[in-house]
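Asker: Below: one structure in structure tokens.
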Amino acid sequence: MTLRFKSPLIRGALAVTTALGLLAGPSYAQDEKVKVYLSLSYTGNSWMTEAANVIKALAKTPPYDTQVELIDVISGVDVQAQISAYESMIADGAKGIISFPISSTGLNRAIKQGCEAGVEMFMFANHVTEPCAHSLAYIGSGFGENTAQWLANEMEGKGKIFMIRGVPGSAVDVRHYDGAMSVFSKYPEIEVVAEYYGMWDDQTTQTETTKALAAHPDVQGIWSQAGEYGALQALLATGRQDLIPISGENSAGFRRALIDPALKERGLTGISSGDSPVVAAIAFKMMMERILTDRDIPNHNMAYTLPWVPADQIVLCTGDIIENGCNTFPADKVPDSFISEAFNPAYAPEISLSAALTGEPTPGATIQPLPAGELFPEAQSLPGINCDDCELPADAFALTFVKPFDAN
Amino acid sequence: MPQDSAISAQPRTLPSSIGAIRAIFGSGAVIAAILYLVMFVLYLALLPGARSYSHFQDQLANSLPLALAAVGGTFVVLTRGFDLSVAGVVSLANVLVATYSMKGTTGILLAALMVCAVGLVVGAVNGILIAYLRLQPIACTLATMIITSGIALLIMDAPGGNVPSAIGNLLFERFGPLSMPMITVGVVILLWAVIRRTDWGVGLYAVGADETASRLAGIATASVKVRAYCVAGMFYGLAGLALSSITVSGDPTAGNSFLLQVFAAIAIGGTSFAGGRGGVVGTILGALVLMLVQKLLFSLGVSSFYTGIGQGVLMIAAVLVGAFSAHIAKSNNT
Amino acid sequence: MKGGIPVCSDRKLSPAEAPATARESTPSFLSTDLGKSVVLIALALLMLFAGRLVSPSLGGLNQISAVLVLSSFLIVVAFGQQMVVLIGGLDLSIPSMITLGGLLAFAWTPHGVGELLLVALAVMAVTGAVGMISGLGVTLLAIPPFIMTLSMGIIIYSACLGATRGTPRGQGSETIEALFSGRFLGIPLIILLVAVLAALAILLQSRTTFGRFLYATGTNRQAAYIAGLPVRRMTVATYACSGAAAGLCGLLLVGFSGGATLTMGQSYLLPSIAAVVVGGTAITGGRGSFLSVLAAALLITTFTTVISSIQIEEGWRTILYGAVVLIAILAMRDGTTPLTWRLLPLLRGNKKQQST
């Protein structure tokens with residue numbers, strides 16, 4: 001019985017494989033589009049969704065729609081899964097892989113394998129220590145120190161603050177935190193009364209901030225990584241009348257709150273800065289220019305300029321595109337968690353609101369070439385993030401957007 | 001169930017060769033092997049570029065950490081236990097290797113000793129608390145998992161560290177057609193073949209099948225369990241070392257993704273969570289199947305959003321196929 | 001629900017059910033269950049007041065209220081997890097179920113109390129039905145609960161991801177949010193709601209036929225089966241309960257944060273297991289009451305609240321968290337070892353002190 005059962009099973013499997021093999025065979029041969037892969041380690045937060053959407057929208061925008069076949073792959077949240085995904089992509093004859101790397105160091109072997117096979121390896125929002133890859137990120141662009149200085153200025157160098165970090169054990173979190181501490185440590189009268197992890201997530205940040213507020217209702221300022229809207233909601237939920245300065249990232253909910261007259265009246269101020277999903281779109285265009293026109297991109301670890309939007313510069317957009325200096329959208333257009341900085345008219349004018357929300361191309365848009373020249377400057381040395389055996393430069397935490405307030 | 005465990009615990013001569021084949025067919029290892037082969041053939045058929053020996057080797061190396069961790073878990077599950085500490089120990093071993101390793105071959109040996117020692121300590125704590133203080137396995141190992149991940153975070157607060165190149169190249173060494181992962185798996189299977197013939201090996205199955213009966217039969221059940229947790233801990237440590245070789249860096253949260261996958265690999269490999277049935281060979285194959293699932297879905301071109309549905313369905317199907325054939329074997333035997 | 005079961009089946013099963021029934025009815029055992037909860041809550045209060053040493057604002061009414069509000073989510077999911085554990089299973093699909101419930105509540109946005117009830121029932125019906133699928137897989141196909149619920153969790157998450165394309169659509173509901181902002185006699189509505197739900201849950205476990213069958217089945221499945229109990233239906237029902245509870249938790253979370261995300265359930269899996277085991281529920285089934293699980297959920301939330309306002313490294317926080325779980329399960333464990341004998345009088349002593 002065993003044998004009878006076994007052989008049809010194997011025969012069946014072989015038949016299926018042959019059939020599928022035949023189906024798959026010609027399609028590879030006929031394809032004239034270049035095959036590129038988008039590798040995401042996870043998705044489910046607005047940031048990653050928007051990053052994936054802008055890339056998908058670009059791939060469908062003429063003339064890329066006829067030149068490129070983009071296949072997106074979501075692997076698990078572990079390094080091995082992404083290594084495995086890269087290996088499969090390389091084996092499948094990818095011309096380029098654009099990816100959010102889950103680890104700066106763990107993927108090196110697979111990335112190197114890709115480079116050696118002639119695959120363009122482009123990373124966004126995080127660097128990797130393997131030098132053959134290109135990456136575009138804002139990690140070394142001074143988020144931590146600039147936002148911390150802004151908060152210190154608002155508080156005139158004294159008061160109790162919360163520090164809301166990202167994900168424990170993440171190199172990006174540590175870089176931001178170290179940057180912020182480089183500022184706060186200069187002000188002995190600034191007391192960090194609670195420091196906790198918001199996991200770059202509004203919900204967790206809200207829960208954790210509620211806990212911290214219960215213990216320290218007298219907090220006078222909040223320094224937050226992504227998740228700031230959750231912190232604000234926790235603050236509002238206490239019912240307190242006097243609000244405080246919050247430094248945070250780019251959620252639409254946060255930006256809208258910062259220009260809400262009622263909240264402003266109660267003392268809410270803030271700075272909106274931080275990571276922008278548009279880096280995914282720009283990295284994708286760089287990769288396509290490398291593949292299609294063999295453009296030389298000398299810098300491998302590129303630093304994206306930090307978005308920096310103080311409360312008084314926030315302007316609601318009326319249409320579906322970024323125009324007239326507007327930089328966020330009203331509540332009926334985008335949810336609170338939407339990351340406002342998904343656009344860059346200079347480098348990615350093809351991206352409109354619908355592209356960021358749905359991954360569909362902007363009607364009528366065509367791909368505009370990237371500006372000539374160097375594109376982006378080389379990022380500062382970040383040990384374990386974009387280089388091995390290197391040191392953080394002495395001026396790594398130099399302030400670029402704000403100056404320390406004058407204490408006198 | 002007792003009958004099953006008798007078959008797996010003591011390989012004995014069955015009345016006829018057909019019976020023997022049936023008995024084997026019912027065991028999880030063969031099912032997992034067939035499953036793996038079918039999936040692998042499919043994958044190769046769909047992805048012509050993957051038909052290279054080195055691609056296969058890379059795949060093996062990539063699956064090794066999970067396989068080793070799952071092998072450790074198998075010892076515990078056989079005794080009807082449960083061990084969540086795998087997540088913490090793998091992370092801890094990983095950051096230790098990335099922080100304290102020395103260069104060269106001696107560095108490899110010392111690193112292996114270090115991770116085994118750490119695993120042994122955590123395993124001993126688990127084992128003693130569970131076997132002698134009668135804590136519930138899942139409760140006790142949940143606590144030790146949390147504590148060990150905390151220690152890992154203390155040692156390294158962000159990914160980084162340096163793994164010496166000797167360890168980095170460890171899994172990618174070739175000895176003719178053989179590679180380090182193949183040799184490791186071979187050694188583990190050999191070890192297992194020896195272990196399951198020892199008193200302790202037989203005890204594992206006996207305790208898992210019926211603890212009270214084993215105690216009455218004179219088996220030192222507590223010591224069998226403690227040793228199971230200790231050996232499991234050492235395998236988790238080695239899994240952490242293997243992971244360090246692949247990622248060439250430390251990550252204090254590296255072990256988290258192992259938590260649920262280890263049990264999935266054990267289940268696919270045909271080891272019963274009710275204890276007393278299954279084995280290490282099936283688990284290794286289960287881990288390979290699990291790592292291949294993603295590749296197969298990739299080659300099938302399943303839309304990325306729905307990859308999870310494919311993964312979940314394949315996992316259920318794999319366990320069902322195993323259970324179904326075990327059922328056939330059982331009914332044919334009686 | 002199971003009212004139609006003839007009384008005689010109760011009689012038949014009494015040998016198998018004996019331990020469970022004895023726990024429910026004999027005063028000394030009852031005091032242990034209650035005693036466990038008292039000890040856990042006393043520990044929680046102790047932590048809160050010990051916090052005063054660190055910050056004078058700790059341990060105040062403010063903080064107790066925050067702890068109660070935050071623990072409501074964990075209490076709700078822990079109920080479902082405990083139901084499954086009582087019958088000898090384990091539910092790993094809880095995070096995805098929370099997400100599913102949250103997405104639905106977010107999409108359906110109830111306005112007004114009537115709609116809220118309707119939406120809550122609908123959400124719980126959907127997640128309960130999905131939980132039922134897990135239950136059917138466990139009972140009919142004999143798939144290990146671990147694998148069945150893990151796979152279902154992955155499948156549901158993936159379906160949510162695909163259906164929303166990563167961006168949940170909908171609007172925050174002011175009615176659900178009112179549960180958190182509204183007060184009755186100065187007590188937040190959510191606390192009252194959870195108190196009522198918890199009372200119902202305790203009644204379900206201790207005073208209904210379903211509850212007694214549950215303990216009987218968890219204690220000895222085979223005996224329960226022979227005694228003619230609807231073991232399969234009961235098992236399916238517990239998974240449905242867990243699904244519904246997780247769905248409700250998702251709805252509450254939408255009220256708390258005014259939105260739904262795909263990751264909203266992720267942080268509740270391990271705490272739900274921790275609450276169940278710290279609450280003294282036997283993972284092999286058949287033993288444990290919701291009262292002590294509720295107390296454990298409060299203890300866990302209190303601990304995480306207090307620890308997050310103390311300035312130490314995250315690694316130490318994690319280690320302390322693990323240590324608290326370990327100490328709690330050591331103190332709560334059942335058995336005949338010396339420590340328990342020393343502990344039992346202590347529990348009874350506490351009980352006496354309470355009543356006098």
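Convention: chains lettered A, B, ... in structure tokens order; per-chain residue numbering from 1; ligands numbered from 1 as shown.
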Find the spatial neighbours of Ala215 in chain A, counting only C-alpha atoms, within a cut-off of 12 Å - ignore same-chain residues fewer than 4 positions away - and output them as a VMD selection string.

Answerer: (chain A and resid 162 193 to 194 208 to 211 219) or (chain C and resid 48 to 49 51 to 67 302 304 to 310)

Asker: Create the file for the chosen residues now, containing N, CA and C atoms and written as a compact mmCIF listing (two decimals), in the first residue's frame.

Answerer:
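For reference, out29.txt as written:
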# COMPACT_ATOMS: atom_id res chain seq x y z
N PHE A 162 9.70 63.68 29.24
CA PHE A 162 9.65 62.26 28.89
C PHE A 162 10.51 62.07 27.66
N VAL A 193 12.32 62.43 33.46
CA VAL A 193 11.64 61.72 34.54
C VAL A 193 11.13 60.35 34.09
N ALA A 194 10.95 60.17 32.79
CA ALA A 194 10.53 58.85 32.31
C ALA A 194 11.11 58.64 30.92
N GLU A 208 2.04 53.60 26.77
CA GLU A 208 3.19 53.84 27.63
C GLU A 208 3.18 55.26 28.19
N THR A 209 2.72 56.22 27.36
CA THR A 209 2.68 57.60 27.84
C THR A 209 1.62 57.75 28.93
N THR A 210 0.51 57.02 28.78
CA THR A 210 -0.52 57.05 29.82
C THR A 210 0.09 56.60 31.15
N LYS A 211 0.89 55.54 31.10
CA LYS A 211 1.54 55.05 32.32
C LYS A 211 2.46 56.13 32.90
N VAL A 219 4.81 66.68 33.99
CA VAL A 219 5.81 66.73 32.91
C VAL A 219 5.67 68.05 32.13
N LEU C 48 2.59 49.69 43.89
CA LEU C 48 2.16 51.06 43.65
C LEU C 48 2.69 51.97 44.76
N PHE C 49 2.56 51.51 46.00
CA PHE C 49 2.98 52.39 47.09
C PHE C 49 4.50 52.44 47.23
N GLY C 51 6.33 52.58 44.84
CA GLY C 51 6.69 53.57 43.84
C GLY C 51 6.83 54.97 44.44
N ARG C 52 6.12 55.20 45.52
CA ARG C 52 6.18 56.51 46.17
C ARG C 52 7.60 56.88 46.58
N LEU C 53 8.37 55.84 46.89
CA LEU C 53 9.76 56.10 47.26
C LEU C 53 10.51 56.76 46.11
N VAL C 54 10.10 56.39 44.90
CA VAL C 54 10.78 56.91 43.72
C VAL C 54 10.24 58.28 43.35
N SER C 55 8.94 58.38 43.30
CA SER C 55 8.34 59.65 42.91
C SER C 55 7.11 59.87 43.76
N PRO C 56 6.96 61.03 44.33
CA PRO C 56 5.84 61.28 45.23
C PRO C 56 4.49 61.19 44.53
N SER C 57 4.50 61.36 43.20
CA SER C 57 3.22 61.31 42.50
C SER C 57 2.78 59.88 42.21
N LEU C 58 3.68 58.92 42.46
CA LEU C 58 3.32 57.53 42.23
C LEU C 58 2.40 57.05 43.34
N GLY C 59 1.55 56.07 43.00
CA GLY C 59 0.72 55.46 44.02
C GLY C 59 -0.51 56.27 44.35
N GLY C 60 -0.74 57.34 43.66
CA GLY C 60 -1.93 58.14 43.92
C GLY C 60 -3.14 57.56 43.20
N LEU C 61 -4.30 58.18 43.43
CA LEU C 61 -5.53 57.74 42.78
C LEU C 61 -5.40 57.79 41.27
N ASN C 62 -4.72 58.87 40.82
CA ASN C 62 -4.46 59.04 39.41
C ASN C 62 -3.88 57.80 38.78
N GLN C 63 -2.85 57.29 39.46
CA GLN C 63 -2.14 56.16 38.90
C GLN C 63 -2.96 54.89 38.98
N ILE C 64 -3.68 54.72 40.08
CA ILE C 64 -4.53 53.53 40.19
C ILE C 64 -5.55 53.53 39.07
N SER C 65 -6.13 54.70 38.81
CA SER C 65 -7.11 54.79 37.73
C SER C 65 -6.47 54.45 36.39
N ALA C 66 -5.25 54.97 36.15
CA ALA C 66 -4.57 54.67 34.89
C ALA C 66 -4.30 53.18 34.75
N VAL C 67 -3.87 52.56 35.86
CA VAL C 67 -3.59 51.12 35.81
C VAL C 67 -4.86 50.35 35.49
N THR C 302 0.23 46.78 36.65
CA THR C 302 0.81 47.65 37.67
C THR C 302 2.33 47.63 37.59
N THR C 304 4.30 46.89 35.05
CA THR C 304 4.86 47.57 33.88
C THR C 304 4.68 49.08 34.00
N THR C 305 3.60 49.50 34.67
CA THR C 305 3.40 50.94 34.84
C THR C 305 4.45 51.53 35.77
N VAL C 306 4.64 50.85 36.90
CA VAL C 306 5.59 51.39 37.87
C VAL C 306 7.01 51.36 37.31
N ILE C 307 7.35 50.25 36.66
CA ILE C 307 8.73 50.08 36.21
C ILE C 307 9.05 51.09 35.11
N SER C 308 8.03 51.48 34.31
CA SER C 308 8.36 52.39 33.21
C SER C 308 8.59 53.81 33.73
N SER C 309 8.18 54.07 34.98
CA SER C 309 8.46 55.41 35.48
C SER C 309 9.72 55.44 36.34
N ILE C 310 10.43 54.32 36.36
CA ILE C 310 11.69 54.29 37.09
C ILE C 310 12.83 54.33 36.07

Asker: Just need the residues of chain B within 8 Å of chain C, counting only C-alpha atoms, so spit them out as a PyMOL selection string.

Answerer: chain B and resi 133-136+138-140+142-154+157+260+263-264+267+273+305-313+315-316+319-320+323

Asker: At what distance in Å, to one decimal, does CA of Asp218 in chain A lie from CA of Tyr196 in chain A?

Answerer: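 Atom-to-atom, CA of Tyr196 in chain A and CA of Asp218 in chain A are spaced 16.9 Å apart.
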
Asker: For chain A, report every residue with an atom at most 6 Å from chain B (counting only C-alpha atoms), formatted as a ChimeraX atom specification.

Answerer: /A:17,21,73-74,78,91-92,106,169-171,384

Asker: Which polymer residues have any atom within 8 Å of an atom of Leu238 in chain B, counting only C-alpha atoms, with same-chain residues fewer than 3 positions away left out, as a ChimeraX atom specification?

Answerer: /B:65,68-69,93,112,115-116,234-235,241-242

Asker: Counting only C-alpha atoms, which residue out of C:Ala78, C:Ala216, C:Val236, C:Ala178 sits closest to chain A?

Answerer: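 With only C-alpha atoms as the atom set, the closest residue is C:Ala178.
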
Asker: Quick check: residues of chain A within 9 Å of chain C, only C-alpha atoms, returned as a PyMOL selection string.

Answerer: chain A and resi 43-46+48-50+168+192-197+201-204+206-208+210-218+230+233-234+237-239+335-338+357-358

Asker: Please provide as number ranges by chain all residues within 7 Å of Ala85 in chain A, with the sequence filter that same-chain residues fewer than 4 positions apart are discarded (counting only C-alpha atoms).

Answerer: A: 75, 81, 89

Asker: Report the distance between CA of Glu249 in chain A and CA of Gly227 in chain A in Å, rounded to one decimal place.

Answerer: 7.5 Å

Asker: Considering only C-alpha atoms, return as an NGL selection string whatever protein or nucleic-acid residues lie within 10 Å of Leu68 in chain C, sequence-local ones (same chain, fewer than 5 positions apart) excluded.

Answerer: :C and (63 or 73 or 75 or 188 or 190-191 or 194 or 297-298 or 301-302)

Asker: Kindly save the residues from that selection, with C-alpha atoms included, as a PDB file, in the first residue's frame.

Answerer:
ATOM      1  CA  GLN C  63      -2.136  56.164  38.904  1.00  0.00           C
ATOM      2  CA  PHE C  73      -7.407  45.304  27.546  1.00  0.00           C
ATOM      3  CA  ILE C  75      -8.190  41.453  31.354  1.00  0.00           C
ATOM      4  CA  PRO C 188     -14.265  55.886  34.195  1.00  0.00           C
ATOM      5  CA  ILE C 190     -14.427  51.473  30.937  1.00  0.00           C
ATOM      6  CA  ILE C 191     -13.601  50.323  34.462  1.00  0.00           C
ATOM      7  CA  VAL C 194     -14.828  45.630  32.597  1.00  0.00           C
ATOM      8  CA  ALA C 297      -3.580  41.008  34.856  1.00  0.00           C
ATOM      9  CA  LEU C 298      -3.784  43.886  37.322  1.00  0.00           C
ATOM     10  CA  THR C 301      -0.108  46.069  34.352  1.00  0.00           C
ATOM     11  CA  THR C 302       0.811  47.650  37.673  1.00  0.00           C
TER      12      THR C 302
END

Asker: What is the distance, in Å and to one decimal place, between CA of Trp192 in chain B and CA of Ala317 in chain B?

Answerer: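 Result for CA of Trp192 in chain B versus CA of Ala317 in chain B: 27.3 Å, one decimal.
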
Asker: For the strand (DSSP E or B) assignment from backbone DSSP, which residues of range 150-304 of chain B qualify? Please present them as JSON, numbers by chain.

Answerer: {"B": [160, 174, 175, 178, 179, 250]}

Asker: Which residues come within 12 Å of range 323-333 of chain A, counting only C-alpha atoms, excluding same-chain residues fewer than 2 positions away, as a CSV table (one decimal) with C-alpha atoms, in the first residue's frame?

Answerer:
chain,number,residue,atom,x,y,z
A,250,ASN,CA,5.6,63.4,10.8
A,251,SER,CA,2.2,61.9,11.4
A,252,ALA,CA,-0.7,63.9,9.9
A,253,GLY,CA,-2.5,63.7,13.2
A,254,PHE,CA,0.4,65.5,15.0
A,255,ARG,CA,0.8,68.1,12.4
A,256,ARG,CA,-2.9,68.9,12.3
A,257,ALA,CA,-3.0,69.1,16.1
A,258,LEU,CA,-0.1,71.6,16.0
A,259,ILE,CA,-2.2,74.0,13.9
A,260,ASP,CA,-5.4,73.4,15.8
A,272,SER,CA,7.7,67.8,13.2
A,273,SER,CA,10.8,66.2,11.8
A,307,PRO,CA,12.6,67.1,7.1
A,308,TRP,CA,12.1,70.0,9.6
A,309,VAL,CA,8.7,71.6,10.0
A,310,PRO,CA,8.1,73.8,13.1
A,311,ALA,CA,4.5,74.3,14.1
A,312,ASP,CA,4.3,77.8,12.5
A,313,GLN,CA,5.2,76.4,9.1
A,314,ILE,CA,2.5,73.8,8.9
A,315,VAL,CA,0.1,74.4,6.0
A,316,LEU,CA,-2.8,72.1,5.1
A,317,CYS,CA,-2.9,71.1,1.4
A,318,THR,CA,-6.2,71.7,-0.4
A,319,GLY,CA,-5.6,69.4,-3.3
A,320,ASP,CA,-4.0,66.1,-3.8
A,321,ILE,CA,-0.5,67.3,-4.4
A,335,PRO,CA,-5.8,59.1,8.6
A,336,ASP,CA,-4.0,60.4,11.7
A,337,SER,CA,-1.2,57.9,11.3
A,338,PHE,CA,-0.4,59.1,7.7
A,339,ILE,CA,3.2,60.1,7.4
A,340,SER,CA,3.1,63.6,5.9
A,341,GLU,CA,6.6,63.7,4.5
A,342,ALA,CA,5.9,61.2,1.6
A,343,PHE,CA,6.7,63.8,-1.0
A,344,ASN,CA,9.6,65.6,-2.5
A,345,PRO,CA,8.8,67.8,-5.5
A,346,ALA,CA,12.5,68.1,-6.5
A,349,PRO,CA,7.5,65.0,-8.5
A,352,SER,CA,0.9,62.5,-5.3
A,353,LEU,CA,-1.4,61.8,-2.4
A,354,SER,CA,-3.1,59.0,-4.2
A,356,ALA,CA,1.2,57.4,-1.4
A,357,LEU,CA,-2.1,56.1,-0.2
C,169,ARG,CA,-9.7,52.7,6.6
C,170,GLY,CA,-12.4,54.1,8.8
C,171,GLN,CA,-13.0,56.7,11.5
C,172,GLY,CA,-12.5,56.8,15.2
